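> Contents of start_12.cif (mmCIF, C-alpha atoms):
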data_coords
loop_
_atom_site.label_atom_id
_atom_site.label_comp_id
_atom_site.auth_asym_id
_atom_site.auth_seq_id
_atom_site.Cartn_x
_atom_site.Cartn_y
_atom_site.Cartn_z
CA MET A 1 -27.69 -68.34 161.64
CA ALA A 2 -26.54 -67.17 158.23
CA PRO A 3 -23.80 -69.15 156.44
CA MET A 4 -20.31 -67.82 157.03
CA ALA A 5 -19.95 -66.82 153.37
CA THR A 6 -23.04 -64.63 153.68
CA LEU A 7 -21.72 -63.08 156.90
CA ARG A 8 -18.42 -62.25 155.24
CA CYS A 9 -20.19 -60.80 152.24
CA GLU A 10 -22.37 -58.64 154.47
CA MET A 11 -19.34 -57.52 156.42
CA TRP A 12 -17.44 -56.67 153.23
CA LEU A 13 -20.38 -54.64 151.97
CA ALA A 14 -20.73 -52.91 155.32
CA CYS A 15 -17.03 -52.12 155.41
CA THR A 16 -16.96 -50.86 151.82
CA GLY A 17 -20.01 -48.72 152.33
CA LEU A 18 -18.74 -47.25 155.58
CA ALA A 19 -15.33 -46.50 154.09
CA ALA A 20 -16.85 -44.80 151.05
CA ALA A 21 -19.10 -42.69 153.23
CA LEU A 22 -16.29 -41.73 155.56
CA LEU A 23 -13.98 -40.70 152.72
CA THR A 24 -16.57 -38.17 151.63
CA GLY A 25 -16.71 -36.75 155.14
CA CYS A 26 -19.77 -38.64 156.40
CA LEU A 27 -20.08 -40.52 159.68
CA PRO A 28 -22.82 -43.11 160.05
CA SER A 29 -25.46 -42.31 162.64
CA ARG A 30 -26.00 -44.78 165.46
CA ALA A 31 -29.66 -44.75 164.46
CA ALA A 32 -28.96 -45.27 160.78
CA GLY A 33 -30.31 -48.41 159.19
CA ALA A 34 -30.33 -49.85 155.70
CA ALA A 35 -33.51 -49.30 153.70
CA GLU A 36 -35.31 -52.52 152.97
CA PHE A 37 -35.27 -53.57 149.32
CA ILE A 38 -38.53 -55.15 148.20
CA PRO A 39 -38.21 -56.84 144.78
CA PRO A 40 -41.10 -56.44 142.31
CA PRO A 41 -43.42 -59.44 142.03
CA LYS A 42 -42.49 -62.00 139.42
CA PRO A 43 -44.89 -62.21 136.47
CA THR A 44 -46.98 -65.36 136.47
CA ALA A 45 -47.43 -67.41 133.34
CA THR A 46 -50.93 -67.90 131.94
CA ALA A 47 -51.86 -71.57 131.80
CA THR A 48 -54.83 -73.50 130.45
CA VAL A 49 -56.67 -75.29 133.23
CA THR A 50 -58.11 -78.74 132.44
CA ALA A 51 -61.07 -79.89 134.48
CA GLY A 52 -60.43 -82.95 136.63
CA PRO A 53 -61.24 -84.51 139.97
CA PRO A 54 -60.93 -82.21 143.01
CA ALA A 55 -57.51 -82.10 144.61
CA PRO A 56 -57.06 -83.86 147.94
CA PRO A 57 -56.94 -81.59 151.01
CA SER A 58 -53.49 -80.10 151.53
CA THR A 59 -51.28 -81.31 154.34
CA PRO A 60 -50.64 -78.63 156.96
CA THR A 61 -47.07 -77.35 156.83
CA ALA A 62 -44.87 -76.38 159.77
CA PRO A 63 -44.48 -72.64 160.44
CA PRO A 64 -41.25 -71.05 159.21
CA PRO A 65 -38.36 -71.07 161.68
CA THR A 66 -38.05 -68.06 163.94
CA ALA A 67 -35.02 -65.79 163.99
CA THR A 68 -31.92 -66.95 165.84
CA PRO A 69 -32.48 -66.21 169.55
CA THR A 70 -30.31 -63.80 171.49
CA ALA A 71 -27.04 -65.33 172.65
CA VAL A 72 -27.09 -67.09 176.01
CA ASP A 73 -25.38 -65.19 178.82
CA GLY A 74 -21.66 -65.92 178.85
CA ALA A 75 -21.58 -67.72 175.49
CA LEU A 76 -19.13 -66.33 172.95
CA PHE A 77 -20.64 -65.30 169.63
CA PRO A 78 -18.93 -63.79 166.55
CA ILE A 79 -19.54 -60.25 165.35
CA GLY A 80 -17.14 -60.44 162.41
CA THR A 81 -13.79 -61.81 161.29
CA SER A 82 -10.24 -60.54 161.06
CA VAL A 83 -8.07 -60.21 157.97
CA GLY A 84 -6.82 -63.73 158.71
CA GLY A 85 -10.35 -65.12 159.07
CA ARG A 86 -10.34 -65.36 162.87
CA ALA A 87 -13.58 -64.64 164.72
CA LEU A 88 -14.09 -61.47 166.75
CA GLU A 89 -15.87 -62.97 169.76
CA VAL A 90 -18.19 -61.23 172.20
CA ALA A 91 -19.80 -62.46 175.42
CA ARG A 92 -22.94 -60.86 176.85
CA PHE A 93 -24.07 -60.81 180.47
CA GLY A 94 -27.46 -59.47 181.51
CA SER A 95 -30.31 -58.15 179.42
CA GLY A 96 -31.13 -54.80 180.97
CA PRO A 97 -31.77 -51.61 179.00
CA ARG A 98 -28.43 -49.98 179.90
CA GLU A 99 -25.82 -51.35 177.48
CA LEU A 100 -22.10 -51.24 178.35
CA LEU A 101 -19.08 -52.43 176.37
CA ILE A 102 -15.60 -53.67 177.32
CA VAL A 103 -13.03 -54.22 174.54
CA ALA A 104 -9.62 -55.90 174.83
CA GLY A 105 -6.75 -56.72 172.51
CA ILE A 106 -6.97 -53.90 169.98
CA HIS A 107 -3.17 -54.22 169.83
CA GLY A 108 -3.23 -58.01 169.66
CA GLY A 109 -0.26 -59.96 170.99
CA TYR A 110 1.73 -56.85 171.97
CA GLU A 111 -0.92 -56.28 174.65
CA TRP A 112 -1.91 -59.95 175.04
CA ASN A 113 -2.47 -59.54 178.78
CA THR A 114 -5.56 -57.43 178.06
CA ILE A 115 -7.03 -60.46 176.25
CA ALA A 116 -6.09 -62.65 179.21
CA LEU A 117 -7.85 -60.16 181.51
CA ALA A 118 -10.98 -60.24 179.33
CA ASP A 119 -11.02 -64.05 179.55
CA GLU A 120 -10.66 -63.88 183.34
CA LEU A 121 -13.52 -61.39 183.62
CA ILE A 122 -15.73 -63.52 181.36
CA GLU A 123 -15.05 -66.59 183.49
CA ARG A 124 -15.77 -64.72 186.74
CA LEU A 125 -19.05 -63.41 185.31
CA ARG A 126 -20.02 -66.92 184.22
CA GLN A 127 -19.47 -68.11 187.79
CA ASP A 128 -21.25 -65.14 189.37
CA PRO A 129 -23.63 -63.49 186.88
CA ALA A 130 -25.33 -61.62 189.75
CA ILE A 131 -22.40 -59.17 189.58
CA VAL A 132 -24.24 -57.51 186.67
CA PRO A 133 -27.07 -55.23 187.86
CA ALA A 134 -30.57 -56.07 186.66
CA ASP A 135 -30.76 -52.94 184.50
CA VAL A 136 -27.48 -53.64 182.62
CA ALA A 137 -26.47 -55.64 179.55
CA LEU A 138 -22.67 -55.94 179.51
CA TYR A 139 -20.83 -56.98 176.33
CA LEU A 140 -17.15 -58.03 176.34
CA LEU A 141 -15.14 -58.23 173.11
CA ARG A 142 -12.24 -60.44 174.17
CA ALA A 143 -9.85 -59.59 171.28
CA MET A 144 -10.32 -57.00 168.56
CA ASN A 145 -7.05 -58.09 166.92
CA PRO A 146 -6.90 -61.91 167.08
CA ASP A 147 -4.43 -62.04 164.17
CA GLY A 148 -1.82 -60.07 166.10
CA GLU A 149 -2.37 -62.18 169.21
CA ALA A 150 -1.90 -65.37 167.17
CA ARG A 151 1.27 -64.04 165.50
CA SER A 152 3.33 -62.94 168.49
CA HIS A 153 3.24 -62.01 172.17
CA GLY A 154 5.60 -59.16 171.44
CA ALA A 155 6.07 -56.12 169.23
CA ASP A 156 5.36 -58.10 166.06
CA GLY A 157 1.85 -58.80 167.37
CA ARG A 158 0.70 -55.17 167.54
CA ALA A 159 -0.69 -54.80 164.00
CA ASN A 160 -3.30 -56.89 162.22
CA ASP A 161 -2.38 -59.10 159.25
CA ASN A 162 -2.36 -56.04 156.97
CA GLY A 163 0.24 -54.32 159.14
CA VAL A 164 -2.33 -51.78 160.37
CA ASP A 165 -2.58 -50.32 163.88
CA LEU A 166 -6.30 -50.82 164.57
CA ASN A 167 -6.26 -47.91 167.03
CA ARG A 168 -5.39 -45.50 164.20
CA ASN A 169 -7.91 -46.69 161.60
CA TRP A 170 -11.05 -45.00 162.98
CA PRO A 171 -12.79 -42.14 161.14
CA ILE A 172 -12.05 -39.39 163.66
CA ASP A 173 -9.01 -37.18 163.06
CA TRP A 174 -7.60 -39.95 160.83
CA HIS A 175 -4.21 -39.33 159.17
CA PRO A 176 -2.23 -41.67 156.89
CA ASP A 177 0.87 -40.94 158.97
CA TRP A 178 1.86 -39.20 162.20
CA ASP A 179 4.91 -37.87 164.04
CA ARG A 180 6.45 -40.96 165.59
CA THR A 181 9.01 -39.19 167.74
CA TYR A 182 7.22 -39.86 171.03
CA CYS A 183 4.94 -42.68 169.86
CA TRP A 184 5.31 -46.46 169.59
CA ASN A 185 7.85 -46.99 166.83
CA TYR A 186 9.50 -50.38 167.30
CA LEU A 187 8.40 -51.77 163.92
CA PRO A 188 6.83 -50.36 160.74
CA ILE A 189 3.08 -49.95 161.16
CA SER A 190 0.42 -47.94 159.33
CA ALA A 191 -3.00 -46.36 159.84
CA GLY A 192 -4.37 -48.17 156.79
CA PRO A 193 -4.99 -46.79 153.28
CA HIS A 194 -8.13 -44.99 154.51
CA PRO A 195 -10.39 -44.94 157.59
CA VAL A 196 -12.24 -48.20 158.27
CA SER A 197 -10.10 -50.03 155.73
CA GLU A 198 -9.75 -52.99 158.10
CA PRO A 199 -12.47 -55.63 158.58
CA GLU A 200 -11.92 -55.69 162.34
CA VAL A 201 -12.68 -51.96 162.62
CA ALA A 202 -15.68 -52.23 160.29
CA ALA A 203 -17.14 -55.14 162.30
CA VAL A 204 -16.73 -53.46 165.69
CA MET A 205 -18.07 -50.17 164.32
CA GLN A 206 -21.19 -51.86 162.99
CA PHE A 207 -21.67 -53.73 166.27
CA ILE A 208 -21.55 -50.44 168.18
CA LEU A 209 -23.92 -48.74 165.75
CA ASP A 210 -26.36 -51.63 166.17
CA HIS A 211 -26.52 -51.02 169.94
CA GLU A 212 -27.17 -48.14 172.31
CA PHE A 213 -24.08 -48.26 174.48
CA GLU A 214 -23.82 -45.74 177.30
CA ALA A 215 -20.13 -46.29 178.08
CA MET A 216 -17.08 -48.23 176.89
CA ILE A 217 -13.71 -49.34 178.31
CA SER A 218 -10.90 -50.26 175.91
CA TYR A 219 -8.06 -52.10 177.69
CA HIS A 220 -4.40 -51.45 176.82
CA SER A 221 -0.99 -51.99 178.42
CA ALA A 222 1.10 -50.66 179.98
CA ALA A 223 1.53 -48.18 182.81
CA LEU A 224 0.38 -44.84 181.38
CA GLY A 225 -2.93 -44.64 183.25
CA ILE A 226 -6.48 -43.91 182.10
CA PHE A 227 -7.16 -41.86 178.96
CA PRO A 228 -10.63 -40.32 178.52
CA GLY A 229 -11.98 -40.25 174.97
CA GLY A 230 -12.51 -37.07 173.02
CA SER A 231 -10.16 -34.29 172.03
CA PRO A 232 -10.46 -32.41 174.30
CA PRO A 233 -11.96 -35.09 176.57
CA ASP A 234 -15.73 -34.85 176.85
CA THR A 235 -17.32 -34.39 180.26
CA ALA A 236 -18.82 -37.88 180.63
CA SER A 237 -15.55 -39.60 179.65
CA HIS A 238 -13.65 -37.43 182.14
CA ARG A 239 -16.09 -38.41 184.90
CA LEU A 240 -15.79 -42.11 184.01
CA ALA A 241 -11.98 -41.93 183.98
CA ALA A 242 -11.91 -40.23 187.38
CA ALA A 243 -14.31 -42.82 188.86
CA LEU A 244 -12.19 -45.74 187.61
CA ALA A 245 -8.97 -44.09 188.79
CA ARG A 246 -10.32 -43.79 192.34
CA VAL A 247 -10.88 -47.56 192.68
CA SER A 248 -7.88 -48.77 190.65
CA GLY A 249 -4.96 -46.51 191.48
CA TYR A 250 -4.18 -46.20 187.76
CA PRO A 251 -2.81 -42.70 187.04
CA TYR A 252 -5.32 -40.03 186.07
CA PRO A 253 -4.57 -37.74 184.37
CA PRO A 254 -2.39 -40.25 182.51
CA LEU A 255 1.30 -39.85 181.78
CA ASP A 256 1.78 -37.74 178.65
CA TYR A 257 4.94 -38.31 176.61
CA GLY A 258 3.79 -36.06 173.78
CA CYS A 259 2.59 -38.75 171.37
CA GLU A 260 0.34 -37.58 168.52
CA TYR A 261 -2.86 -39.64 168.63
CA THR A 262 -4.85 -40.00 165.40
CA GLY A 263 -7.78 -42.16 164.30
CA GLN A 264 -8.40 -43.38 167.85
CA PHE A 265 -11.11 -45.88 168.80
CA ALA A 266 -12.14 -44.11 172.03
CA ASP A 267 -12.37 -40.74 170.25
CA TRP A 268 -14.68 -42.18 167.59
CA THR A 269 -16.78 -43.83 170.31
CA VAL A 270 -17.20 -40.46 172.01
CA SER A 271 -18.28 -38.97 168.66
CA GLN A 272 -21.21 -41.39 168.80
CA GLY A 273 -22.37 -40.05 172.17
CA ILE A 274 -20.76 -42.82 174.25
CA ALA A 275 -18.54 -42.14 177.27
CA ALA A 276 -15.24 -43.93 176.55
CA VAL A 277 -11.88 -44.50 178.22
CA ASP A 278 -8.64 -46.33 177.49
CA VAL A 279 -7.46 -48.17 180.62
CA GLU A 280 -3.77 -49.13 180.70
CA LEU A 281 -2.67 -52.15 182.75
CA THR A 282 0.52 -51.74 184.80
CA THR A 283 2.72 -54.09 182.74
CA HIS A 284 2.67 -56.10 179.51
CA VAL A 285 2.38 -59.34 181.53
CA ASP A 286 0.04 -58.90 184.51
CA THR A 287 -3.74 -58.77 184.18
CA ASP A 288 -4.28 -56.78 187.42
CA PHE A 289 -7.29 -59.02 187.91
CA GLU A 290 -8.24 -57.97 191.45
CA ILE A 291 -7.84 -54.31 190.55
CA ASN A 292 -10.06 -54.76 187.52
CA LEU A 293 -12.78 -56.52 189.48
CA ARG A 294 -13.12 -53.18 191.28
CA VAL A 295 -13.01 -51.38 187.93
CA LEU A 296 -15.74 -53.71 186.65
CA GLU A 297 -18.00 -53.13 189.65
CA THR A 298 -17.61 -49.37 189.34
CA PHE A 299 -18.19 -49.47 185.59
CA LEU A 300 -21.35 -51.57 185.94
CA ASN A 301 -22.85 -49.09 188.40
CA TRP A 302 -21.61 -45.88 186.77
CA LYS A 303 -24.08 -43.69 184.90
CA PRO A 304 -23.37 -40.80 182.49
#
The structure given in the file should be rewritten as structure tokens.


Amino acid sequence: MAPMATLRCEMWLACTGLAAALLTGCLPSRAAGAAEFIPPPKPTATATVTAGPPAPPSTPTAPPPTATPTAVDGALFPIGTSVGGRALEVARFGSGPRELLIVAGIHGGYEWNTIALADELIERLRQDPAIVPADVALYLLRAMNPDGEARSHGADGRANDNGVDLNRNWPIDWHPDWDRTYCWNYLPISAGPHPVSEPEVAAVMQFILDHEFEAMISYHSAALGIFPGGSPPDTASHRLAAALARVSGYPYPPLDYGCEYTGQFADWTVSQGIAAVDVELTTHVDTDFEINLRVLETFLNWKP
């Protein structure tokens, strides 16, 4: 595993590069990869060789270490860090070819019950990994905004440590500001100085680009229902939202108070060819655990 300083450096470079590309109107392709840099060979010095007795046979050396193995099912592993240096932790279950993603806590402590739900789902899957079909690899990001969750289980916990709403910092229909008349407006909050300005967004974006996810659920609270990604919603996201609504009872179509949504995570995910939905829990306290076991089962067996 690379030293933490190296990981942070790589993340900073990834974030900077993504932000620069996005500001010029470019979106990274899911298949894009960095070109390998091969340094030129170092010149060797010419030396005079003096005859002498033959050298003793060399001692065999151990082979170089292999790459870090894939994370063990159910073990949390970091994919990046927050502004405050907290790890963004993911658990994986299964190793099938169909990759699925569940994300919680994009709004930190204001929606802390989504993080609690993610922890409950992770624990249930650790106890009964057979829930995951053989052809699926399920990844759960337990908290995209750990700084907000650490700061407050209330309105002050919604933003990250830069005061940014991480659900408005994505490079799809991003705006520096928006009409707040019908939107969340309890405290000052921003969309960031530019798309992907926040390390949490850059880390999750790179994680998604490094995989081939078919579908994604982003958990929120509270009470509005299920929002399909895309504007207008794409067909696959609409089908996923309807399937989850049937087993959960969460409203679909969701309640619409007229809020202007910009720079949204689910919309960017859809732009990458991934079916995506925002699922709202019924309150800011309950995890709706039994309901979301049914959501999980449906999600694991749903196909685009």

> Take the PyMOL selection byres ((chain A and resi 131) around 12), apply it to the structure above, and return the hits as a compact mmCIF listing (two decimals) with C-alpha atoms, in the coordinates of the input.


# COMPACT_ATOMS: atom_id res chain seq x y z
CA PHE A 93 -24.07 -60.81 180.47
CA GLY A 94 -27.46 -59.47 181.51
CA LEU A 121 -13.52 -61.39 183.62
CA ILE A 122 -15.73 -63.52 181.36
CA ARG A 124 -15.77 -64.72 186.74
CA LEU A 125 -19.05 -63.41 185.31
CA ARG A 126 -20.02 -66.92 184.22
CA GLN A 127 -19.47 -68.11 187.79
CA ASP A 128 -21.25 -65.14 189.37
CA PRO A 129 -23.63 -63.49 186.88
CA ALA A 130 -25.33 -61.62 189.75
CA VAL A 132 -24.24 -57.51 186.67
CA PRO A 133 -27.07 -55.23 187.86
CA ALA A 134 -30.57 -56.07 186.66
CA ASP A 135 -30.76 -52.94 184.50
CA VAL A 136 -27.48 -53.64 182.62
CA ALA A 137 -26.47 -55.64 179.55
CA LEU A 138 -22.67 -55.94 179.51
CA LEU A 293 -12.78 -56.52 189.48
CA ARG A 294 -13.12 -53.18 191.28
CA LEU A 296 -15.74 -53.71 186.65
CA GLU A 297 -18.00 -53.13 189.65
CA THR A 298 -17.61 -49.37 189.34
CA PHE A 299 -18.19 -49.47 185.59
CA LEU A 300 -21.35 -51.57 185.94
CA ASN A 301 -22.85 -49.09 188.40

> Between A:Glu260, A:Glu280, A:Asp165, A:Glu120, which one has atoms that come closest to Thr181 (chain A), using all atoms listed in the file?

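Of A:Glu260, A:Glu280, A:Asp165, A:Glu120, the one nearest Thr181 (chain A) is A:Glu260, counting all atoms listed in the file.
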
> Nearest residue to Asp179 (chain A) out of A:Ser231, A:Asn145, A:Asn167, A:Thr262, using only C-alpha atoms?

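Smallest distance to Asp179 (chain A) is found for A:Thr262.
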
> Need to verify the contact set: Tyr182 (chain A), 7 Å, all atoms listed in the file, exclusion of same-chain residues closer than 2 positions in sequence. Can you return it as a PyMOL selection string?

chain A and resi 180+257-259

> Give as a list in words the residues that the PyMOL selection byres ((chain A and resi 214) around 7) matches when applied to the coordinates above.

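Against this file, the PyMOL selection byres ((chain A and resi 214) around 7) returns the residues Arg98, Glu99, Leu100, Glu212, Phe213, Ala215, Ile274 and Ala275 of chain A.
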
> Take CA of Ser218 (chain A) and CA of Ile106 (chain A) and report the distance between them in Å, one decimal.

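Distance between the two atoms: 8.0 Å.
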
> Would you mind telling me which residue in A:Pro78, A:Gly108, A:Gly85, A:Pro254 lies nearest to Ser152 (chain A) when using only C-alpha atoms?

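Nearest to Ser152 (chain A): A:Gly108.
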
> For the PyMOL selection byres ((chain A and resi 273) around 12), applied here, can you spell out every residue it catches as a tab-separated table (two decimals) with C-alpha atoms, keeping the file's coordinate frame?


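Result written to result25.tsv:
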chain	number	residue	atom	x	y	z
A	29	SER	CA	-25.46	-42.31	162.64
A	30	ARG	CA	-26.00	-44.78	165.46
A	31	ALA	CA	-29.66	-44.75	164.46
A	208	ILE	CA	-21.55	-50.44	168.18
A	209	LEU	CA	-23.92	-48.74	165.75
A	211	HIS	CA	-26.52	-51.02	169.94
A	212	GLU	CA	-27.17	-48.14	172.31
A	213	PHE	CA	-24.08	-48.26	174.48
A	214	GLU	CA	-23.82	-45.74	177.30
A	215	ALA	CA	-20.13	-46.29	178.08
A	216	MET	CA	-17.08	-48.23	176.89
A	229	GLY	CA	-11.98	-40.25	174.97
A	230	GLY	CA	-12.51	-37.07	173.02
A	234	ASP	CA	-15.73	-34.85	176.85
A	235	THR	CA	-17.32	-34.39	180.26
A	236	ALA	CA	-18.82	-37.88	180.63
A	237	SER	CA	-15.55	-39.60	179.65
A	266	ALA	CA	-12.14	-44.11	172.03
A	267	ASP	CA	-12.37	-40.74	170.25
A	268	TRP	CA	-14.68	-42.18	167.59
A	269	THR	CA	-16.78	-43.83	170.31
A	270	VAL	CA	-17.20	-40.46	172.01
A	271	SER	CA	-18.28	-38.97	168.66
A	272	GLN	CA	-21.21	-41.39	168.80
A	274	ILE	CA	-20.76	-42.82	174.25
A	275	ALA	CA	-18.54	-42.14	177.27
A	276	ALA	CA	-15.24	-43.93	176.55
A	304	PRO	CA	-23.37	-40.80	182.49

> What is the CA of His238 (chain A) to CA of Val279 (chain A) distance in Å?

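It comes out at 12.5 Å.
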
> Identify which of the residues A:Asp210, A:Asp278, A:Asp119, A:Glu89 lies closest to Phe77 (chain A), counting only C-alpha atoms when measuring atom-to-atom distances.

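Closest to Phe77 (chain A) of all the choices is A:Glu89.
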
> Just the number, please: distance in Å from CA of Asn185 (chain A) to CA of Ser248 (chain A), one decimal.

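Distance between the two atoms: 28.6 Å.
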
> Looking at A:Ala143, A:Trp112, A:Pro199, A:Gly154, which one is nearest to Thr81 (chain A), with distances taken over all atoms listed in the file?

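Result for the nearest residue to Thr81 (chain A): A:Pro199.
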